file target.pdb (PDB, C-alpha atoms, pLDDT in the B column)
ATOM      1  CA  MET A  19       0.000   0.000   0.000  1.00 60.00           C
ATOM      2  CA  HIS A  20       2.928   2.363   0.560  1.00 68.00           C
ATOM      3  CA  LEU A  21       3.818   2.333  -3.150  1.00 76.00           C
ATOM      4  CA  THR A  22       0.157   2.820  -4.123  1.00 74.00           C
ATOM      5  CA  ARG A  23      -0.110   5.783  -1.741  1.00 74.00           C
ATOM      6  CA  ALA A  24       3.128   7.324  -3.050  1.00 77.00           C
ATOM      7  CA  VAL A  25       2.007   7.041  -6.686  1.00 80.00           C
ATOM      8  CA  ALA A  26      -1.458   8.425  -5.877  1.00 78.00           C
ATOM      9  CA  ARG A  27       0.049  11.338  -3.913  1.00 78.00           C
ATOM     10  CA  ALA A  28       2.408  12.183  -6.809  1.00 80.00           C
ATOM     11  CA  ARG A  29      -0.415  12.098  -9.364  1.00 83.00           C
ATOM     12  CA  LEU A  30      -2.716  14.193  -7.185  1.00 80.00           C
ATOM     13  CA  ASP A  31       0.094  16.680  -6.617  1.00 78.00           C
ATOM     14  CA  GLU A  32       0.436  17.147 -10.402  1.00 81.00           C
ATOM     15  CA  ALA A  33      -3.300  17.146 -11.203  1.00 80.00           C
ATOM     16  CA  LYS A  34      -5.613  20.135 -11.546  1.00 77.00           C
ATOM     17  CA  LEU A  35      -8.273  19.307  -8.939  1.00 76.00           C
ATOM     18  CA  SER A  36     -10.894  22.068  -9.408  1.00 80.00           C
ATOM     19  CA  GLY A  37     -10.450  23.778  -6.046  1.00 81.00           C
ATOM     20  CA  TRP A  38      -9.218  20.723  -4.138  1.00 83.00           C
ATOM     21  CA  THR A  39      -5.701  20.887  -2.726  1.00 82.00           C
ATOM     22  CA  LEU A  40      -3.455  18.169  -1.405  1.00 83.00           C
ATOM     23  CA  ASN A  41      -2.621  18.638   2.275  1.00 79.00           C
ATOM     24  CA  ALA A  42       1.049  19.557   2.053  1.00 70.00           C
ATOM     25  CA  THR A  43       1.666  19.440   5.816  1.00 70.00           C
ATOM     26  CA  GLN A  44       1.460  15.659   5.944  1.00 65.00           C
ATOM     27  CA  THR A  45       4.423  13.329   5.829  1.00 64.00           C
ATOM     28  CA  ARG A  46       4.970  11.397   2.608  1.00 64.00           C
ATOM     29  CA  ASN A  47       3.775   8.107   4.100  1.00 65.00           C
ATOM     30  CA  SER A  48       0.683   9.365   5.937  1.00 74.00           C
ATOM     31  CA  ALA A  49      -2.895   9.102   4.694  1.00 80.00           C
ATOM     32  CA  ILE A  50      -3.759  11.245   1.685  1.00 86.00           C
ATOM     33  CA  GLN A  51      -5.953  14.246   2.499  1.00 86.00           C
ATOM     34  CA  LEU A  52      -7.622  16.590   0.036  1.00 87.00           C
ATOM     35  CA  CYS A  53      -9.007  19.950   1.205  1.00 86.00           C
ATOM     36  CA  HIS A  54     -11.738  22.105  -0.368  1.00 85.00           C
ATOM     37  CA  ASP A  55     -13.179  25.078   1.504  1.00 82.00           C
ATOM     38  CA  ASP A  56     -14.688  23.569   4.683  1.00 81.00           C
ATOM     39  CA  LEU A  57     -14.215  19.909   3.692  1.00 84.00           C
ATOM     40  CA  VAL A  58     -11.271  17.635   4.361  1.00 88.00           C
ATOM     41  CA  LEU A  59     -11.309  14.260   2.618  1.00 89.00           C
ATOM     42  CA  ARG A  60      -9.016  11.527   3.969  1.00 90.00           C
ATOM     43  CA  PHE A  61      -8.405   8.461   1.814  1.00 88.00           C
ATOM     44  CA  LEU A  62      -8.413   5.233   3.782  1.00 87.00           C
ATOM     45  CA  HIS A  63      -7.856   1.725   2.444  1.00 85.00           C
ATOM     46  CA  SER A  64     -10.525  -0.715   3.564  1.00 84.00           C
ATOM     47  CA  THR A  65     -11.958  -3.714   1.790  1.00 71.00           C
ATOM     48  CA  SER A  66     -15.358  -3.742   3.524  1.00 71.00           C
ATOM     49  CA  ALA A  67     -16.576  -2.055   6.728  1.00 82.00           C
ATOM     50  CA  VAL A  68     -15.482   1.298   8.098  1.00 88.00           C
ATOM     51  CA  PRO A  69     -12.514   0.447  10.325  1.00 88.00           C
ATOM     52  CA  ALA A  70     -12.707   1.410  13.988  1.00 90.00           C
ATOM     53  CA  PRO A  71     -10.317   4.232  14.942  1.00 91.00           C
ATOM     54  CA  GLY A  72      -8.545   2.172  17.582  1.00 90.00           C
ATOM     55  CA  ARG A  73      -6.852   3.897  20.532  1.00 91.00           C
ATOM     56  CA  ASN A  74      -4.940   6.470  18.471  1.00 89.00           C
ATOM     57  CA  PHE A  75      -5.980   9.905  19.783  1.00 91.00           C
ATOM     58  CA  ALA A  76      -5.468  11.664  16.441  1.00 87.00           C
ATOM     59  CA  ARG A  77      -7.635   9.159  14.566  1.00 88.00           C
ATOM     60  CA  ARG A  78     -10.307   9.242  17.320  1.00 92.00           C
ATOM     61  CA  ALA A  79     -10.391  13.049  16.985  1.00 90.00           C
ATOM     62  CA  TRP A  80     -10.705  12.721  13.191  1.00 88.00           C
ATOM     63  CA  TYR A  81     -13.716  10.400  13.635  1.00 90.00           C
ATOM     64  CA  THR A  82     -15.497  12.954  15.876  1.00 89.00           C
ATOM     65  CA  ASN A  83     -17.749  15.265  13.825  1.00 85.00           C
ATOM     66  CA  SER A  84     -21.091  16.976  14.307  1.00 81.00           C
ATOM     67  CA  ALA A  85     -23.996  15.062  12.824  1.00 81.00           C
ATOM     68  CA  LEU A  86     -24.850  16.318   9.347  1.00 77.00           C
ATOM     69  CA  VAL A  87     -28.453  17.138  10.327  1.00 73.00           C
ATOM     70  CA  GLU A  88     -27.300  19.619  12.984  1.00 63.00           C
ATOM     71  CA  ASN A  89     -27.399  22.448  10.451  1.00 49.00           C
ATOM     72  CA  GLU A  90     -26.659  25.205  12.951  1.00 62.00           C
ATOM     73  CA  VAL A  91     -23.176  23.766  13.551  1.00 58.00           C
ATOM     74  CA  LEU A  92     -22.514  22.278  10.105  1.00 57.00           C
ATOM     75  CA  PHE A  93     -19.247  23.663   8.743  1.00 58.00           C
ATOM     76  CA  ALA A  94     -18.547  25.611  11.949  1.00 65.00           C
ATOM     77  CA  GLU A  95     -15.211  23.848  11.608  1.00 72.00           C
ATOM     78  CA  PRO A  96     -14.006  21.825   8.611  1.00 76.00           C
ATOM     79  CA  GLU A  97     -16.035  18.654   8.086  1.00 82.00           C
ATOM     80  CA  ARG A  98     -13.857  15.558   8.024  1.00 88.00           C
ATOM     81  CA  LEU A  99     -14.907  12.846   5.575  1.00 91.00           C
ATOM     82  CA  LEU A 100     -13.402   9.454   4.804  1.00 91.00           C
ATOM     83  CA  MET A 101     -13.079   8.194   1.245  1.00 90.00           C
ATOM     84  CA  MET A 102     -12.679   4.472   1.734  1.00 89.00           C
ATOM     85  CA  TRP A 103     -11.159   2.646  -1.183  1.00 86.00           C
ATOM     86  CA  GLY A 104     -10.539  -0.961  -2.055  1.00 85.00           C
ATOM     87  CA  ALA A 105      -8.891  -2.269  -5.215  1.00 82.00           C
ATOM     88  CA  ASP A 106      -9.244  -5.499  -7.112  1.00 81.00           C
ATOM     89  CA  PHE A 107      -5.907  -5.538  -8.889  1.00 82.00           C
ATOM     90  CA  ALA A 108      -6.852  -8.622 -10.931  1.00 87.00           C
ATOM     91  CA  THR A 109      -9.743  -6.806 -12.625  1.00 87.00           C
ATOM     92  CA  GLY A 110      -8.315  -3.288 -12.361  1.00 84.00           C
ATOM     93  CA  THR A 111     -11.352  -1.930 -10.500  1.00 83.00           C
ATOM     94  CA  VAL A 112     -11.490   0.376  -7.500  1.00 83.00           C
ATOM     95  CA  ASN A 113     -14.443   0.665  -5.098  1.00 85.00           C
ATOM     96  CA  LEU A 114     -15.010   3.992  -3.351  1.00 87.00           C
ATOM     97  CA  HIS A 115     -17.283   4.850  -0.407  1.00 89.00           C
ATOM     98  CA  LEU A 116     -17.713   8.342   1.060  1.00 90.00           C
ATOM     99  CA  VAL A 117     -18.225   8.178   4.851  1.00 91.00           C
ATOM    100  CA  HIS A 118     -19.016  10.763   7.539  1.00 91.00           C
ATOM    101  CA  THR A 119     -18.267   9.574  11.074  1.00 92.00           C
ATOM    102  CA  VAL A 120     -19.763  11.199  14.177  1.00 90.00           C
ATOM    103  CA  ALA A 121     -17.849   9.554  17.024  1.00 92.00           C
ATOM    104  CA  PRO A 122     -15.193   6.899  17.633  1.00 92.00           C
ATOM    105  CA  TRP A 123     -16.171   3.320  18.475  1.00 91.00           C
ATOM    106  CA  ASP A 124     -14.391   0.230  19.690  1.00 90.00           C
ATOM    107  CA  PHE A 125     -13.399  -2.627  17.409  1.00 89.00           C
ATOM    108  CA  GLY A 126     -16.298  -5.043  16.895  1.00 87.00           C
ATOM    109  CA  LYS A 127     -18.918  -2.425  17.792  1.00 89.00           C
ATOM    110  CA  ARG A 128     -21.328  -0.670  15.446  1.00 89.00           C
ATOM    111  CA  ALA A 129     -19.743   2.093  13.358  1.00 89.00           C
ATOM    112  CA  ARG A 130     -20.833   5.579  14.474  1.00 91.00           C
ATOM    113  CA  ILE A 131     -21.586   7.110  11.079  1.00 90.00           C
ATOM    114  CA  ASP A 132     -24.394   9.201   9.635  1.00 88.00           C
ATOM    115  CA  MET A 133     -23.474   8.943   5.954  1.00 88.00           C
ATOM    116  CA  PHE A 134     -22.192   6.068   3.789  1.00 88.00           C
ATOM    117  CA  VAL A 135     -22.341   6.738   0.044  1.00 87.00           C
ATOM    118  CA  PRO A 136     -20.995   4.285  -2.550  1.00 86.00           C
ATOM    119  CA  VAL A 137     -19.244   6.204  -5.339  1.00 83.00           C
ATOM    120  CA  ASP A 138     -19.490   3.781  -8.239  1.00 72.00           C
ATOM    121  CA  SER A 139     -18.439   6.212 -10.950  1.00 62.00           C
ATOM    122  CA  VAL A 140     -17.795   9.902 -11.397  1.00 57.00           C
ATOM    123  CA  GLU A 141     -20.846  10.159 -13.661  1.00 60.00           C
ATOM    124  CA  ASP A 142     -23.111   8.588 -11.019  1.00 55.00           C
ATOM    125  CA  PHE A 143     -21.724  10.896  -8.343  1.00 52.00           C
ATOM    126  CA  GLU A 144     -22.063  14.064 -10.452  1.00 56.00           C
ATOM    127  CA  SER A 145     -25.696  13.285 -11.328  1.00 58.00           C
ATOM    128  CA  ALA A 146     -26.709  12.259  -7.801  1.00 54.00           C
ATOM    129  CA  VAL A 147     -29.705  14.002  -6.262  1.00 55.00           C
ATOM    130  CA  PHE A 148     -30.305  14.308  -2.530  1.00 50.00           C
ATOM    131  CA  ASP A 149     -33.977  13.778  -1.751  1.00 51.00           C
ATOM    132  CA  SER A 150     -34.390  15.469   1.628  1.00 47.00           C
ATOM    133  CA  GLN A 151     -36.965  14.469   4.205  1.00 49.00           C
ATOM    134  CA  ASP A 152     -38.590  16.388   7.010  1.00 48.00           C
ATOM    135  CA  GLU A 153     -36.099  16.852   9.827  1.00 48.00           C
ATOM    136  CA  GLU A 154     -38.267  14.935  12.277  1.00 49.00           C
ATOM    137  CA  ASP A 155     -38.115  11.856   9.988  1.00 49.00           C
ATOM    138  CA  LEU A 156     -34.313  11.715  10.103  1.00 47.00           C
ATOM    139  CA  GLU A 157     -32.806   9.456  12.745  1.00 53.00           C
ATOM    140  CA  SER A 158     -29.221  10.629  13.132  1.00 53.00           C
ATOM    141  CA  PRO A 159     -27.625  10.877  16.571  1.00 53.00           C
ATOM    142  CA  SER A 160     -26.388  14.153  17.971  1.00 55.00           C
ATOM    143  CA  ARG A 161     -22.699  14.300  18.911  1.00 52.00           C
ATOM    144  CA  GLU A 162     -23.613  13.712  22.578  1.00 57.00           C
ATOM    145  CA  GLU A 163     -25.849  10.735  21.692  1.00 57.00           C
ATOM    146  CA  ALA A 164     -23.124   9.275  19.479  1.00 50.00           C
ATOM    147  CA  VAL A 165     -20.541   9.445  22.264  1.00 51.00           C
ATOM    148  CA  GLU A 166     -23.015   7.991  24.785  1.00 55.00           C
ATOM    149  CA  GLY A 167     -23.830   5.181  22.352  1.00 52.00           C
ATOM    150  CA  GLU A 168     -20.240   3.901  22.244  1.00 47.00           C
ATOM    151  CA  GLY A 169     -21.307   1.137  24.608  1.00 47.00           C
ATOM    152  CA  ASP A 170     -23.596  -0.328  21.911  1.00 46.00           C
ATOM    153  CA  GLN A 171     -22.837  -4.033  21.414  1.00 39.00           C
ATOM    154  CA  SER A 172     -23.835  -4.388  17.731  1.00 40.00           C
ATOM    155  CA  VAL A 173     -21.179  -5.036  15.077  1.00 38.00           C
ATOM    156  CA  SER A 174     -20.511  -2.831  12.052  1.00 39.00           C
ATOM    157  CA  ALA A 175     -21.356  -4.306   8.679  1.00 36.00           C
TER
END

call {"tool": "encode", "arguments": {"input": "target.pdb", "output": "structure tokens"}}
result
Amino acid sequence: MHLTRAVARARLDEAKLSGWTLNATQTRNSAIQLCHDDLVLRFLHSTSAVPAPGRNFARRAWYTNSALVENEVLFAEPERLLMMWGADFATGTVNLHLVHTVAPWDFGKRARIDMFVPVDSVEDFESAVFDSQDEEDLESPSREEAVEGEGDQSVSA
């Protein structure tokens, strides 16, 4: 994965990214982060479920965000998103999933997320439409509820 990350970082550094910039403060072997206004997108290799943050304080802080439905605090600070990727090198395909986490969780517990969007192709993503619902119909935890719910015993899928 180190070689894949190095090649991806070099190509992103050379590319014109329409307002997105590569986080230049990171070390060469750290996770790739792209920044755009109040969004920070961290690329994370994972073949299936959103990985738990573990005990690392920096990663636990990264996984702590305000729920997206709390509009009064949305973008009060940069929103941190994960772009999970997995590659099938035999077929040459890459799977992408955009994820918004709200709180850290322990390994084997349910992932504390409020958004998980498969990004099958650029065309699908560009033409996507968000069909909003009434706020009272949405069931997303607040930051306090997400932290309190860390004791939940269910497993992430």

call {"tool": "closest_residue", "arguments": {"input": "target.pdb", "among": "A:Leu99, A:Val87, A:Val68, A:Ala26", "to": "A:His54", "atoms": "all atoms listed in the file"}}
result
A:Leu99

call {"tool": "closest_residue", "arguments": {"input": "target.pdb", "among": "A:Ala70, A:Met102, A:Ala33, A:Ala49", "to": "A:Lys127", "atoms": "only C-alpha atoms"}}
result
A:Ala70

call {"tool": "atom_distance", "arguments": {"input": "target.pdb", "atom1": "atom CA of A:Thr111", "atom2": "atom CA of A:Leu40"}}
result
23.4 Å

call {"tool": "resolve_selection", "arguments": {"input": "target.pdb", "expression": "the PyMOL selection byres ((chain A and resi 63) around 9)", "output": "list in words"}}
result
Met19, Phe61, Leu62, Ser64, Thr65, Met101, Met102, Trp103, Gly104 and Ala105 of chain A

call {"tool": "resolve_selection", "arguments": {"input": "target.pdb", "expression": "the PyMOL selection byres ((chain A and resi 78) around 12)", "output": "ChimeraX atom specification"}}
result
/A:69-77,79-83,98,119-124,130,165

call {"tool": "closest_residue", "arguments": {"input": "target.pdb", "among": "A:Leu57, A:Leu100, A:Leu114, A:Leu86", "to": "A:Val137", "atoms": "all atoms listed in the file"}}
result
A:Leu114

call {"tool": "residues_near_point", "arguments": {"input": "target.pdb", "point": "(-6.2, 21.3, -1.8)", "cutoff": "8 Å", "atoms": "only C-alpha atoms", "output": "PyMOL selection string"}}
result
chain A and resi 35+37-41+52-54

call {"tool": "atom_distance", "arguments": {"input": "target.pdb", "atom1": "atom CA of A:Ile50", "atom2": "atom CA of A:His115"}}
result
15.1 Å

call {"tool": "atom_distance", "arguments": {"input": "target.pdb", "atom1": "atom CA of A:Glu95", "atom2": "atom CA of A:Ala67"}}
result
26.4 Å

call {"tool": "closest_residue", "arguments": {"input": "target.pdb", "among": "A:Arg23, A:Ser36, A:Asp132, A:Asp138", "to": "A:Asp55", "atoms": "all atoms listed in the file"}}
result
A:Ser36

call {"tool": "axis_aligned_box", "arguments": {"input": "target.pdb", "around": "stretch 69-81 of chain A", "padding_each_side": "3 Å", "output": "lines of an AutoDock Vina configuration file"}}
result
center_x = -9.3
center_y = 6.7
center_z = 15.4
size_x = 14.8
size_y = 18.6
size_z = 16.2

call {"tool": "closest_residue", "arguments": {"input": "target.pdb", "among": "A:Ile131, A:Pro136, A:Val58, A:Ala85", "to": "A:Val112", "atoms": "only C-alpha atoms"}}
result
A:Pro136

call {"tool": "closest_residue", "arguments": {"input": "target.pdb", "among": "A:Pro96, A:Thr43, A:Phe107, A:Glu32", "to": "A:Asp56", "atoms": "all atoms listed in the file"}}
result
A:Pro96
